[in-house]
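This is start.txt (compact mmCIF, C-alpha atoms and all ligand atoms).
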# COMPACT_ATOMS: atom_id res chain seq x y z
CA MET A 1 66.82 -5.67 40.80
CA ALA A 2 67.03 -5.91 36.98
CA ILE A 3 63.86 -4.81 35.21
CA GLU A 4 62.13 -7.62 33.31
CA GLN A 5 61.78 -6.81 29.61
CA ARG A 6 58.00 -6.89 29.25
CA ILE A 7 54.92 -4.79 29.71
CA LEU A 8 52.74 -5.56 32.72
CA ILE A 9 48.94 -5.42 32.58
CA ALA A 10 46.62 -5.47 35.58
CA GLY A 11 43.26 -7.06 34.70
CA ALA A 12 42.09 -9.55 32.07
CA GLY A 13 38.84 -7.78 31.18
CA PRO A 14 38.04 -6.65 27.62
CA VAL A 15 40.45 -3.70 27.93
CA GLY A 16 43.40 -5.58 29.46
CA LEU A 17 43.17 -8.41 26.94
CA THR A 18 42.74 -6.07 23.94
CA ALA A 19 45.87 -4.24 25.14
CA ALA A 20 47.69 -7.58 25.49
CA ALA A 21 46.62 -8.71 22.02
CA ASN A 22 47.81 -5.52 20.34
CA LEU A 23 51.16 -5.61 22.17
CA VAL A 24 51.78 -9.28 21.34
CA ARG A 25 50.85 -8.55 17.73
CA GLY A 26 53.50 -5.79 17.80
CA GLY A 27 56.12 -8.25 19.10
CA VAL A 28 56.12 -6.94 22.70
CA PRO A 29 56.26 -9.46 25.59
CA VAL A 30 53.35 -9.11 28.02
CA ALA A 31 52.46 -10.40 31.49
CA VAL A 32 48.82 -10.05 32.56
CA PHE A 33 47.78 -10.38 36.21
CA GLU A 34 44.11 -11.10 36.88
CA ALA A 35 42.58 -10.97 40.36
CA GLY A 36 39.85 -13.52 39.60
CA PRO A 37 40.25 -17.31 39.32
CA ASP A 38 39.16 -17.20 35.66
CA LEU A 39 37.87 -14.74 33.06
CA SER A 40 34.72 -12.99 34.27
CA GLU A 41 31.37 -14.45 33.16
CA GLU A 42 29.41 -11.42 34.44
CA SER A 43 26.63 -10.11 32.20
CA ARG A 44 27.78 -6.56 31.50
CA ALA A 45 28.42 -4.60 28.29
CA SER A 46 26.89 -6.10 25.17
CA THR A 47 27.32 -3.50 22.41
CA PHE A 48 30.32 -3.27 20.07
CA HIS A 49 30.37 -0.13 17.94
CA PRO A 50 31.61 0.01 14.29
CA PRO A 51 35.12 1.44 14.89
CA THR A 52 35.66 -0.99 17.79
CA LEU A 53 34.88 -3.83 15.38
CA ASP A 54 37.34 -2.33 12.89
CA MET A 55 40.03 -2.37 15.62
CA LEU A 56 39.19 -5.90 16.74
CA ASP A 57 39.32 -6.98 13.11
CA ARG A 58 42.99 -6.01 12.95
CA LEU A 59 43.51 -8.33 15.95
CA GLY A 60 41.62 -11.16 14.22
CA ALA A 61 38.86 -11.00 16.85
CA ALA A 62 35.97 -9.34 14.98
CA GLU A 63 34.98 -12.31 12.86
CA PRO A 64 34.53 -14.81 15.73
CA LEU A 65 32.76 -12.09 17.76
CA ILE A 66 30.33 -11.38 14.91
CA ALA A 67 29.75 -15.13 14.54
CA GLN A 68 28.75 -15.35 18.23
CA GLY A 69 26.77 -12.11 18.29
CA LEU A 70 23.88 -10.43 16.60
CA THR A 71 24.39 -7.81 13.90
CA ALA A 72 22.32 -4.67 14.50
CA PRO A 73 22.47 -2.13 11.64
CA GLN A 74 19.61 -0.02 13.02
CA PHE A 75 18.61 1.58 16.30
CA GLN A 76 15.49 3.48 17.19
CA TYR A 77 13.93 5.82 19.71
CA ARG A 78 10.32 5.27 20.75
CA THR A 79 7.70 6.30 23.25
CA LYS A 80 5.02 3.91 24.40
CA ARG A 81 2.37 6.32 23.15
CA HIS A 82 3.79 7.22 19.74
CA GLY A 83 5.72 4.09 18.82
CA VAL A 84 8.85 4.77 16.74
CA LEU A 85 9.94 8.43 16.93
CA VAL A 86 12.91 7.99 14.67
CA GLN A 87 15.18 5.24 13.42
CA PHE A 88 18.75 5.40 12.14
CA ASP A 89 20.78 2.98 10.04
CA PHE A 90 24.57 2.68 10.27
CA GLY A 91 24.53 1.72 6.59
CA ALA A 92 24.74 5.48 5.92
CA ILE A 93 28.35 5.51 7.22
CA ALA A 94 29.53 2.43 5.30
CA ASP A 95 32.08 4.66 3.53
CA VAL A 96 34.12 5.09 6.76
CA THR A 97 33.83 1.72 8.48
CA ALA A 98 34.10 -1.88 7.35
CA HIS A 99 31.43 -2.71 9.96
CA PRO A 100 28.42 -0.39 9.45
CA TYR A 101 26.47 -1.97 12.32
CA ARG A 102 26.66 -2.66 16.03
CA VAL A 103 27.33 -6.17 17.20
CA GLN A 104 25.25 -7.20 20.19
CA CYS A 105 27.28 -9.76 22.11
CA GLU A 106 28.29 -10.13 25.74
CA GLN A 107 31.75 -8.82 26.63
CA SER A 108 32.66 -12.19 28.15
CA LYS A 109 32.62 -13.63 24.61
CA LEU A 110 35.32 -11.15 23.54
CA THR A 111 37.62 -11.92 26.47
CA ARG A 112 37.35 -15.66 25.73
CA ILE A 113 38.11 -15.11 22.03
CA LEU A 114 41.17 -12.98 22.82
CA TYR A 115 42.45 -15.36 25.49
CA GLN A 116 42.01 -18.31 23.15
CA GLN A 117 44.10 -16.51 20.52
CA LEU A 118 46.80 -15.36 22.93
CA ARG A 119 47.19 -18.60 24.86
CA GLY A 120 50.36 -20.37 23.95
CA ALA A 121 51.95 -17.32 22.27
CA PRO A 122 55.61 -17.24 23.42
CA ASN A 123 55.39 -13.53 24.37
CA PHE A 124 52.23 -13.92 26.45
CA GLU A 125 51.72 -14.86 30.08
CA LEU A 126 48.48 -14.63 32.11
CA GLN A 127 48.26 -15.42 35.81
CA PHE A 128 44.88 -15.85 37.49
CA ASP A 129 44.26 -15.36 41.25
CA SER A 130 46.96 -12.69 41.11
CA PRO A 131 45.76 -9.19 42.05
CA ILE A 132 48.29 -6.37 41.76
CA ARG A 133 48.21 -4.50 45.06
CA HIS A 134 51.06 -2.03 44.88
CA VAL A 135 53.02 -0.14 42.24
CA ALA A 136 56.51 1.35 42.60
CA GLN A 137 58.43 3.11 39.83
CA SER A 138 62.02 3.84 38.90
CA SER A 139 63.41 5.72 35.90
CA GLY A 140 63.70 2.51 33.82
CA GLY A 141 60.66 0.53 34.89
CA VAL A 142 57.81 -0.43 37.18
CA GLU A 143 57.66 -2.91 40.04
CA VAL A 144 54.36 -4.38 41.14
CA THR A 145 53.45 -6.37 44.20
CA VAL A 146 51.27 -9.31 43.24
CA GLU A 147 49.30 -11.29 45.83
CA ARG A 148 49.50 -15.01 45.11
CA LYS A 149 48.26 -17.81 47.36
CA GLY A 150 48.47 -15.58 50.42
CA ARG A 151 52.01 -14.43 49.62
CA SER A 152 53.37 -11.29 48.01
CA GLU A 153 55.58 -11.51 44.93
CA THR A 154 57.34 -8.72 43.09
CA ARG A 155 57.33 -8.53 39.33
CA SER A 156 58.80 -5.86 37.12
CA GLY A 157 58.39 -4.52 33.61
CA ARG A 158 59.17 -1.50 31.48
CA TRP A 159 55.63 -0.14 31.64
CA LEU A 160 52.39 -0.98 33.41
CA ILE A 161 48.81 -0.72 32.13
CA GLY A 162 46.20 -0.54 34.88
CA ALA A 163 43.12 -2.12 33.25
CA ASP A 164 41.85 -3.41 36.57
CA GLY A 165 38.36 -1.94 36.45
CA ALA A 166 36.44 0.76 38.27
CA ARG A 167 37.90 -0.03 41.71
CA SER A 168 41.43 -0.09 40.28
CA ASP A 169 44.15 -0.89 42.82
CA VAL A 170 46.68 0.48 40.31
CA ARG A 171 44.89 3.87 40.33
CA ARG A 172 44.73 3.86 44.14
CA SER A 173 48.38 2.85 44.51
CA LEU A 174 49.45 5.63 42.13
CA GLY A 175 47.40 8.13 44.18
CA ILE A 176 45.36 9.25 41.17
CA GLU A 177 42.05 10.92 42.03
CA PHE A 178 38.82 9.72 40.43
CA PRO A 179 36.48 12.73 40.62
CA GLY A 180 32.88 12.74 39.44
CA PHE A 181 29.54 11.69 40.86
CA THR A 182 27.20 8.75 41.41
CA TRP A 183 23.61 8.96 40.10
CA PRO A 184 20.95 8.69 42.84
CA GLU A 185 19.09 6.02 40.87
CA ARG A 186 20.49 2.56 40.11
CA PHE A 187 19.90 0.59 36.92
CA LEU A 188 18.18 -2.77 36.75
CA VAL A 189 18.71 -5.13 33.81
CA VAL A 190 16.08 -7.82 33.34
CA SER A 191 17.01 -10.48 30.78
CA THR A 192 14.29 -12.54 29.17
CA PRO A 193 14.17 -15.06 26.31
CA PHE A 194 10.85 -13.50 25.26
CA ASP A 195 10.98 -12.29 21.65
CA PHE A 196 9.45 -8.79 21.75
CA ARG A 197 9.31 -8.68 17.95
CA THR A 198 6.34 -11.04 18.11
CA VAL A 199 4.33 -8.28 19.80
CA ILE A 200 6.18 -5.14 18.56
CA PRO A 201 6.69 -5.90 14.84
CA ASP A 202 8.65 -2.71 14.08
CA LEU A 203 11.12 -3.27 16.94
CA VAL A 204 14.83 -3.39 16.03
CA ALA A 205 17.65 -4.93 18.07
CA VAL A 206 18.50 -1.66 19.86
CA SER A 207 15.52 0.36 20.99
CA TYR A 208 15.38 3.25 23.47
CA VAL A 209 12.00 4.13 25.00
CA CYS A 210 11.65 7.69 26.39
CA ASP A 211 9.50 8.10 29.49
CA PRO A 212 9.79 10.71 32.28
CA GLU A 213 8.80 8.13 34.90
CA ARG A 214 10.22 4.81 33.80
CA TRP A 215 12.28 5.05 30.63
CA HIS A 216 13.76 1.78 29.50
CA PHE A 217 15.68 0.28 26.65
CA LEU A 218 15.55 -3.05 24.94
CA LEU A 219 18.76 -4.64 23.72
CA GLN A 220 18.62 -7.89 21.85
CA ILE A 221 21.54 -10.29 22.29
CA PRO A 222 21.58 -13.86 20.96
CA GLY A 223 18.75 -15.73 22.66
CA LEU A 224 17.88 -12.98 25.12
CA CYS A 225 16.48 -9.50 25.33
CA ARG A 226 18.00 -7.25 28.01
CA VAL A 227 15.58 -4.62 29.29
CA MET A 228 17.09 -1.85 31.40
CA PHE A 229 15.12 0.37 33.83
CA PRO A 230 16.08 3.11 36.29
CA ILE A 231 15.42 2.34 39.97
CA ALA A 232 14.48 5.33 42.14
CA PRO A 233 16.45 6.00 45.36
CA HIS A 234 13.43 5.15 47.54
CA GLU A 235 13.16 1.66 45.98
CA SER A 236 15.38 -0.64 48.06
CA ASP A 237 17.90 -3.11 46.56
CA GLU A 238 15.88 -5.94 48.09
CA LEU A 239 12.70 -4.77 46.38
CA ALA A 240 14.45 -4.09 43.08
CA LEU A 241 15.97 -7.58 43.01
CA SER A 242 12.71 -9.39 43.75
CA ARG A 243 11.16 -11.35 40.88
CA GLU A 244 7.78 -9.69 41.48
CA PHE A 245 9.26 -6.22 41.08
CA ALA A 246 10.97 -7.23 37.82
CA GLN A 247 7.65 -8.60 36.59
CA SER A 248 5.87 -5.35 37.52
CA LEU A 249 8.41 -3.31 35.50
CA MET A 250 8.23 -5.68 32.56
CA ALA A 251 4.42 -5.48 32.63
CA GLY A 252 4.79 -1.80 31.70
CA VAL A 253 6.74 -2.55 28.49
CA VAL A 254 3.92 -3.96 26.32
CA PRO A 255 0.29 -3.42 27.41
CA GLY A 256 -1.45 -6.72 28.03
CA ILE A 257 1.68 -8.82 28.58
CA SER A 258 2.49 -9.36 32.22
CA ARG A 259 4.28 -12.65 32.96
CA TYR A 260 7.72 -13.03 31.46
CA GLU A 261 10.27 -15.76 31.81
CA VAL A 262 13.16 -13.99 33.52
CA ALA A 263 16.64 -15.41 32.89
CA HIS A 264 18.49 -13.05 35.22
CA VAL A 265 18.27 -9.71 36.95
CA THR A 266 21.23 -7.39 37.62
CA LEU A 267 21.14 -4.23 39.71
CA TYR A 268 24.00 -1.78 39.66
CA LYS A 269 25.07 1.68 40.73
CA VAL A 270 25.88 4.12 37.97
CA HIS A 271 28.73 6.63 38.12
CA GLN A 272 30.27 9.36 35.99
CA ARG A 273 33.94 9.60 36.90
CA VAL A 274 37.16 10.39 35.02
CA ALA A 275 40.64 9.94 36.52
CA LYS A 276 42.62 13.17 37.01
CA VAL A 277 45.40 11.76 34.81
CA PHE A 278 45.64 8.66 32.63
CA ARG A 279 49.42 8.49 32.97
CA HIS A 280 51.74 8.61 35.96
CA GLY A 281 55.37 8.05 34.98
CA ARG A 282 55.62 4.59 33.47
CA ALA A 283 52.12 3.53 34.52
CA PHE A 284 48.91 4.13 32.57
CA LEU A 285 45.21 3.74 33.28
CA ALA A 286 42.80 2.42 30.64
CA GLY A 287 39.14 1.41 30.49
CA ASP A 288 37.03 1.50 33.65
CA ALA A 289 40.14 2.14 35.75
CA ALA A 290 40.38 5.51 33.93
CA HIS A 291 36.71 6.39 33.38
CA ILE A 292 33.22 5.16 34.11
CA ASN A 293 29.90 6.38 32.79
CA ASN A 294 26.29 5.33 32.54
CA PRO A 295 25.67 2.63 29.90
CA LEU A 296 23.30 4.67 27.69
CA GLY A 297 24.91 4.66 24.28
CA GLY A 298 27.15 1.68 25.14
CA MET A 299 30.33 3.73 25.33
CA GLY A 300 32.06 2.39 28.48
CA MET A 301 33.68 -0.76 27.19
CA ASN A 302 34.04 0.64 23.65
CA GLY A 303 35.86 3.72 24.96
CA GLY A 304 38.08 1.41 27.01
CA ILE A 305 38.99 -0.65 23.95
CA HIS A 306 39.79 2.60 22.11
CA ASP A 307 42.09 3.54 25.03
CA ALA A 308 43.80 0.15 24.81
CA ILE A 309 44.50 0.46 21.09
CA ASN A 310 45.68 4.09 21.29
CA LEU A 311 48.02 3.34 24.20
CA THR A 312 49.46 0.04 23.02
CA SER A 313 50.08 1.30 19.48
CA ARG A 314 52.28 3.98 21.08
CA LEU A 315 53.92 1.51 23.47
CA VAL A 316 54.87 -0.78 20.57
CA GLY A 317 56.60 2.23 18.94
CA ALA A 318 58.35 3.18 22.19
CA TRP A 319 59.40 -0.44 22.77
CA ARG A 320 60.98 -0.71 19.35
CA GLY A 321 62.52 2.74 19.65
CA SER A 322 60.65 4.04 16.59
CA GLU A 323 58.62 6.44 18.75
CA ALA A 324 60.14 8.72 21.41
CA GLU A 325 58.98 7.96 24.95
CA SER A 326 57.79 11.55 25.24
CA GLU A 327 55.16 10.68 22.61
CA LEU A 328 53.43 8.52 25.22
CA GLU A 329 52.13 11.76 26.73
CA ARG A 330 49.73 11.99 23.82
CA TYR A 331 47.78 9.04 25.18
CA ASP A 332 46.74 11.03 28.23
CA ARG A 333 46.01 14.14 26.20
CA GLN A 334 43.96 12.44 23.51
CA ARG A 335 42.02 9.85 25.44
CA ARG A 336 41.36 11.88 28.57
CA LEU A 337 40.03 14.87 26.66
CA VAL A 338 37.87 12.74 24.42
CA THR A 339 36.49 10.95 27.47
CA LEU A 340 35.55 14.25 29.09
CA GLU A 341 34.32 16.01 25.97
CA TYR A 342 32.55 13.14 24.40
CA ILE A 343 31.86 9.96 26.40
CA GLU A 344 30.93 11.63 29.68
CA LYS A 345 28.95 14.44 28.03
CA GLN A 346 27.13 12.21 25.55
CA SER A 347 26.19 9.52 28.08
CA ILE A 348 24.74 12.18 30.43
CA GLN A 349 22.81 13.73 27.52
CA ASN A 350 21.52 10.29 26.47
CA LYS A 351 20.13 9.77 29.97
CA ARG A 352 18.44 13.18 29.98
CA ASN A 353 16.86 12.49 26.57
CA LEU A 354 15.39 9.21 27.77
CA GLU A 355 14.03 10.84 30.92
CA SER A 356 12.12 13.38 28.84
CA ASP A 357 8.60 12.94 27.46
CA GLY A 358 10.33 12.53 24.09
CA ILE A 359 8.47 15.39 22.35
CA GLU A 360 11.26 17.98 22.13
CA PHE A 361 13.86 15.25 21.66
CA ALA A 362 11.76 13.67 18.87
CA ARG A 363 11.51 17.05 17.13
CA SER A 364 15.27 17.55 17.11
CA LEU A 365 15.90 13.94 16.01
CA ALA A 366 13.32 14.24 13.21
CA GLU A 367 15.17 17.32 11.93
CA ILE A 368 18.43 15.38 11.97
CA ALA A 369 16.86 12.34 10.25
CA ALA A 370 15.39 14.55 7.51
CA ASP A 371 18.81 15.96 6.58
CA ALA A 372 21.31 13.47 5.08
CA GLY A 373 24.36 15.53 6.11
CA ARG A 374 23.21 15.93 9.71
CA SER A 375 22.22 12.24 9.92
CA TYR A 376 25.69 11.29 8.72
CA ASP A 377 27.33 13.48 11.40
CA TYR A 378 24.95 12.14 14.03
CA LEU A 379 25.85 8.55 13.13
CA LEU A 380 29.56 9.38 13.26
CA ARG A 381 28.97 10.66 16.80
CA VAL A 382 26.79 7.77 18.01
CA SER A 383 29.17 5.18 16.55
CA MET A 384 32.10 6.93 18.35
CA ILE A 385 33.96 7.55 15.07
CA ALA A 386 33.72 11.30 15.76
CA SER A 387 35.44 10.83 19.14
CA LEU A 388 38.32 8.95 17.52
CA ARG A 389 38.73 11.67 14.90
CA ARG A 390 38.70 14.29 17.62
CA ALA A 391 41.45 12.39 19.48
CA GLN A 392 43.60 12.47 16.33
CA GLU A 393 43.03 16.21 15.94
CA LEU A 394 44.37 16.75 19.46
CA GLY A 395 47.78 15.66 18.20
C1 LIG B 401 26.60 -4.64 35.98
C2 LIG B 401 27.29 -3.87 34.89
C3 LIG B 401 26.64 -3.69 33.66
C4 LIG B 401 27.25 -2.98 32.62
N1 LIG B 401 26.58 -2.81 31.45
C5 LIG B 401 27.16 -2.10 30.48
C6 LIG B 401 26.51 -1.88 29.24
O1 LIG B 401 25.37 -2.33 29.05
N2 LIG B 401 27.15 -1.16 28.30
C7 LIG B 401 28.44 -0.65 28.49
O2 LIG B 401 29.02 -0.02 27.60
N3 LIG B 401 29.06 -0.85 29.64
C8 LIG B 401 28.48 -1.56 30.63
N4 LIG B 401 29.13 -1.76 31.77
C9 LIG B 401 30.51 -1.28 31.85
C10 LIG B 401 31.44 -2.26 31.12
O3 LIG B 401 31.18 -3.55 31.61
C11 LIG B 401 32.86 -1.80 31.39
O4 LIG B 401 33.04 -0.54 30.75
C12 LIG B 401 33.92 -2.79 30.88
O5 LIG B 401 33.82 -4.01 31.55
C13 LIG B 401 35.30 -2.19 31.08
O6 LIG B 401 36.28 -3.14 30.83
P1 LIG B 401 37.64 -3.14 31.65
O7 LIG B 401 38.44 -4.24 31.05
O8 LIG B 401 38.19 -1.77 31.74
O9 LIG B 401 37.23 -3.49 33.15
P2 LIG B 401 36.58 -4.81 33.75
O10 LIG B 401 35.72 -5.49 32.77
O11 LIG B 401 35.99 -4.44 35.06
O12 LIG B 401 37.83 -5.78 33.97
C14 LIG B 401 38.77 -5.54 34.98
C15 LIG B 401 39.44 -6.84 35.35
O13 LIG B 401 40.45 -6.56 36.30
C16 LIG B 401 40.40 -7.51 37.35
N5 LIG B 401 40.99 -6.88 38.54
C17 LIG B 401 40.39 -6.09 39.48
N6 LIG B 401 41.31 -5.67 40.38
C18 LIG B 401 42.49 -6.19 40.00
C19 LIG B 401 43.80 -6.09 40.51
N7 LIG B 401 44.08 -5.38 41.62
N8 LIG B 401 44.79 -6.76 39.88
C20 LIG B 401 44.53 -7.50 38.77
N9 LIG B 401 43.30 -7.63 38.24
C21 LIG B 401 42.30 -6.97 38.84
C22 LIG B 401 38.95 -7.87 37.48
O14 LIG B 401 38.77 -9.15 38.09
C23 LIG B 401 38.50 -7.85 36.02
O15 LIG B 401 38.66 -9.10 35.40
C24 LIG B 401 28.54 -2.44 32.82
C25 LIG B 401 29.19 -2.60 34.04
C26 LIG B 401 28.57 -3.30 35.06
C27 LIG B 401 29.28 -3.44 36.39

structure tokens encoding of this file:
Amino acid sequence: MAIEQRILIAGAGPVGLTAAANLVRGGVPVAVFEAGPDLSEESRASTFHPPTLDMLDRLGAAEPLIAQGLTAPQFQYRTKRHGVLVQFDFGAIADVTAHPYRVQCEQSKLTRILYQQLRGAPNFELQFDSPIRHVAQSSGGVEVTVERKGRSETRSGRWLIGADGARSDVRRSLGIEFPGFTWPERFLVVSTPFDFRTVIPDLVAVSYVCDPERWHFLLQIPGLCRVMFPIAPHESDELALSREFAQSLMAGVVPGISRYEVAHVTLYKVHQRVAKVFRHGRAFLAGDAAHINNPLGGMGMNGGIHDAINLTSRLVGAWRGSEAESELERYDRQRRLVTLEYIEKQSIQNKRNLESDGIEFARSLAEIAADAGRSYDYLLRVSMIASLRRAQELG
């Protein structure tokens, strides 16, 4: 069978569609296969970091995202007892990013923006209700088995990007291990339209509250505040998802306020896993298919978008013949190492910091905040710019 001249992508999440947008922009034909009947509406990641916005800007997607989101130049750490421990402002790194702030906006807004822009492009095709179930490779291309309306179809392409999420069928079909661990506690996100700034005047849009028993963080998105709590192993899913339980957790956020309007409640398991390899022949893994981590620091989706841009920039070069195919190996080297060294390590450390009483953590943060050079480096790390620089250094 002749190989179709396109790149195949499994999954139309933020990573799959960013990959598609960058390939189409580079003149490469793309076919995306999405398991669901439409783009996901799930309430999941909601933080876009400065370098991610810089990347999306080159795709024409940052401006509409910013227009639909909330710009958050500052973030803070607090304890309930001491109030603000320390606050940082991304304005200090305005010399290295065109977007010295986070944008708080649900990931489903990004996928809609990208799809809107890609729709109708002659090099772009997206099929819903079409999960990729099996991958086979030859020296010149990849063949995938797509399930459609109860039947199996075969499609082919020169390369395949598995951006099909944490339970990736592409990863399973390629036989790539996904080692790591699952935290014993789960995380509960309670979303409320309540404006906490009316009762906590010095609150900023991103606020982490350290507490050894029930740390939490408050993330403002347009019209809603998302409050995240850890749920202990002995607290059942049924209990955690009950409205009364959510109210009891929320009652601990601000003394004296106990009944909140709750828009929705989401409970989820949290993992730290990194695929053994991000490349197998002509197939690649990106985003959650390649790595998953706890959401503290908002690095999951951002790291996935960084994967998508790194990989597709190389694939455009390989497609045009301006970059040797052997160069594609760098994707695995750069992104996998950065994921291990930076995203996994930092997200685990962020969790440990929040679980502490905040005293030691506050001392070290105060030292950083008092020193302009250290604050600058800290902001480069938190914004993920340091991880991108590290990836470049890896060659
Ligand atoms: C409940 C929840 C809350 C989260 N909160 C945060 C947060 O606050 N901050 C943060 O940084 N991260 C968070 N995350 C993680 C973040 O959502 C992910 O990192 C991000 O969605 C990764 O994007 P992705 O495109 O790689 O995968 P996904 O968004 O999972 O997209 C994968 C897509 O592939 C499709 N698909 C699945 N199987 C197949 C197949 N076989 N063939 C074709 N298509 C397939 C799926 O339907 C889906 O549309 C959260 C995750 C969950 C589950």

Place a sphere of radius 12 Å on (45.8, 1.3, 24.5) in the file coordinates and name every protein, DNA or RNA residue with an atom inside or on its surface, counting only C-alpha atoms; give the answer as a JSON list (two decimals) with C-alpha atoms, in the frame of the given file.
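In the end it all went to selection.json:
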[["chain", "number", "residue", "atom", "x", "y", "z"],
["A", 9, "ILE", "CA", 48.94, -5.42, 32.58],
["A", 14, "PRO", "CA", 38.04, -6.65, 27.62],
["A", 15, "VAL", "CA", 40.45, -3.70, 27.93],
["A", 16, "GLY", "CA", 43.40, -5.58, 29.46],
["A", 17, "LEU", "CA", 43.17, -8.41, 26.94],
["A", 18, "THR", "CA", 42.74, -6.07, 23.94],
["A", 19, "ALA", "CA", 45.87, -4.24, 25.14],
["A", 20, "ALA", "CA", 47.69, -7.58, 25.49],
["A", 21, "ALA", "CA", 46.62, -8.71, 22.02],
["A", 22, "ASN", "CA", 47.81, -5.52, 20.34],
["A", 23, "LEU", "CA", 51.16, -5.61, 22.17],
["A", 55, "MET", "CA", 40.03, -2.37, 15.62],
["A", 160, "LEU", "CA", 52.39, -0.98, 33.41],
["A", 161, "ILE", "CA", 48.81, -0.72, 32.13],
["A", 162, "GLY", "CA", 46.20, -0.54, 34.88],
["A", 163, "ALA", "CA", 43.12, -2.12, 33.25],
["A", 278, "PHE", "CA", 45.64, 8.66, 32.63],
["A", 279, "ARG", "CA", 49.42, 8.49, 32.97],
["A", 284, "PHE", "CA", 48.91, 4.13, 32.57],
["A", 285, "LEU", "CA", 45.21, 3.74, 33.28],
["A", 286, "ALA", "CA", 42.80, 2.42, 30.64],
["A", 287, "GLY", "CA", 39.14, 1.41, 30.49],
["A", 290, "ALA", "CA", 40.38, 5.51, 33.93],
["A", 302, "ASN", "CA", 34.04, 0.64, 23.65],
["A", 303, "GLY", "CA", 35.86, 3.72, 24.96],
["A", 304, "GLY", "CA", 38.08, 1.41, 27.01],
["A", 305, "ILE", "CA", 38.99, -0.65, 23.95],
["A", 306, "HIS", "CA", 39.79, 2.60, 22.11],
["A", 307, "ASP", "CA", 42.09, 3.54, 25.03],
["A", 308, "ALA", "CA", 43.80, 0.15, 24.81],
["A", 309, "ILE", "CA", 44.50, 0.46, 21.09],
["A", 310, "ASN", "CA", 45.68, 4.09, 21.29],
["A", 311, "LEU", "CA", 48.02, 3.34, 24.20],
["A", 312, "THR", "CA", 49.46, 0.04, 23.02],
["A", 313, "SER", "CA", 50.08, 1.30, 19.48],
["A", 314, "ARG", "CA", 52.28, 3.98, 21.08],
["A", 315, "LEU", "CA", 53.92, 1.51, 23.47],
["A", 316, "VAL", "CA", 54.87, -0.78, 20.57],
["A", 328, "LEU", "CA", 53.43, 8.52, 25.22],
["A", 330, "ARG", "CA", 49.73, 11.99, 23.82],
["A", 331, "TYR", "CA", 47.78, 9.04, 25.18],
["A", 332, "ASP", "CA", 46.74, 11.03, 28.23],
["A", 334, "GLN", "CA", 43.96, 12.44, 23.51],
["A", 335, "ARG", "CA", 42.02, 9.85, 25.44]]

Would you mind listing the residues within 6 Å of ligand LIG 401 (chain B), counting all atoms listed in the file, as a PDB file with C-alpha atoms, keeping the file's coordinate frame?
ATOM      1  CA  ALA A  10      46.620  -5.470  35.580  1.00  0.00           C
ATOM      2  CA  GLY A  11      43.260  -7.060  34.700  1.00  0.00           C
ATOM      3  CA  ALA A  12      42.090  -9.550  32.070  1.00  0.00           C
ATOM      4  CA  GLY A  13      38.840  -7.780  31.180  1.00  0.00           C
ATOM      5  CA  PRO A  14      38.040  -6.650  27.620  1.00  0.00           C
ATOM      6  CA  VAL A  15      40.450  -3.700  27.930  1.00  0.00           C
ATOM      7  CA  GLY A  16      43.400  -5.580  29.460  1.00  0.00           C
ATOM      8  CA  PHE A  33      47.780 -10.380  36.210  1.00  0.00           C
ATOM      9  CA  GLU A  34      44.110 -11.100  36.880  1.00  0.00           C
ATOM     10  CA  ALA A  35      42.580 -10.970  40.360  1.00  0.00           C
ATOM     11  CA  GLY A  36      39.850 -13.520  39.600  1.00  0.00           C
ATOM     12  CA  SER A  40      34.720 -12.990  34.270  1.00  0.00           C
ATOM     13  CA  ARG A  44      27.780  -6.560  31.500  1.00  0.00           C
ATOM     14  CA  ALA A  45      28.420  -4.600  28.290  1.00  0.00           C
ATOM     15  CA  SER A  46      26.890  -6.100  25.170  1.00  0.00           C
ATOM     16  CA  PRO A 131      45.760  -9.190  42.050  1.00  0.00           C
ATOM     17  CA  ILE A 132      48.290  -6.370  41.760  1.00  0.00           C
ATOM     18  CA  ARG A 133      48.210  -4.500  45.060  1.00  0.00           C
ATOM     19  CA  ALA A 163      43.120  -2.120  33.250  1.00  0.00           C
ATOM     20  CA  ASP A 164      41.850  -3.410  36.570  1.00  0.00           C
ATOM     21  CA  GLY A 165      38.360  -1.940  36.450  1.00  0.00           C
ATOM     22  CA  SER A 168      41.430  -0.090  40.280  1.00  0.00           C
ATOM     23  CA  ASP A 169      44.150  -0.890  42.820  1.00  0.00           C
ATOM     24  CA  TYR A 268      24.000  -1.780  39.660  1.00  0.00           C
ATOM     25  CA  GLY A 287      39.140   1.410  30.490  1.00  0.00           C
ATOM     26  CA  ASP A 288      37.030   1.500  33.650  1.00  0.00           C
ATOM     27  CA  ALA A 289      40.140   2.140  35.750  1.00  0.00           C
ATOM     28  CA  PRO A 295      25.670   2.630  29.900  1.00  0.00           C
ATOM     29  CA  GLY A 298      27.150   1.680  25.140  1.00  0.00           C
ATOM     30  CA  MET A 299      30.330   3.730  25.330  1.00  0.00           C
ATOM     31  CA  GLY A 300      32.060   2.390  28.480  1.00  0.00           C
ATOM     32  CA  MET A 301      33.680  -0.760  27.190  1.00  0.00           C
ATOM     33  CA  GLY A 304      38.080   1.410  27.010  1.00  0.00           C
TER      34      GLY A 304
END

Among A:Asn293, A:Gly256, A:Val86, A:Arg171, Arg363 of chain A is approached most closely, using all atoms listed in the file, by A:Val86

Between atom CA of Arg155 of chain A and atom CA of Arg172 of chain A, distance in Å (one decimal): 18.3 Å

With distances taken over all atoms listed in the file, which residue among A:Phe128, A:Tyr342, A:Phe75, A:Phe88 lies nearest Val146 of chain A? A:Phe128
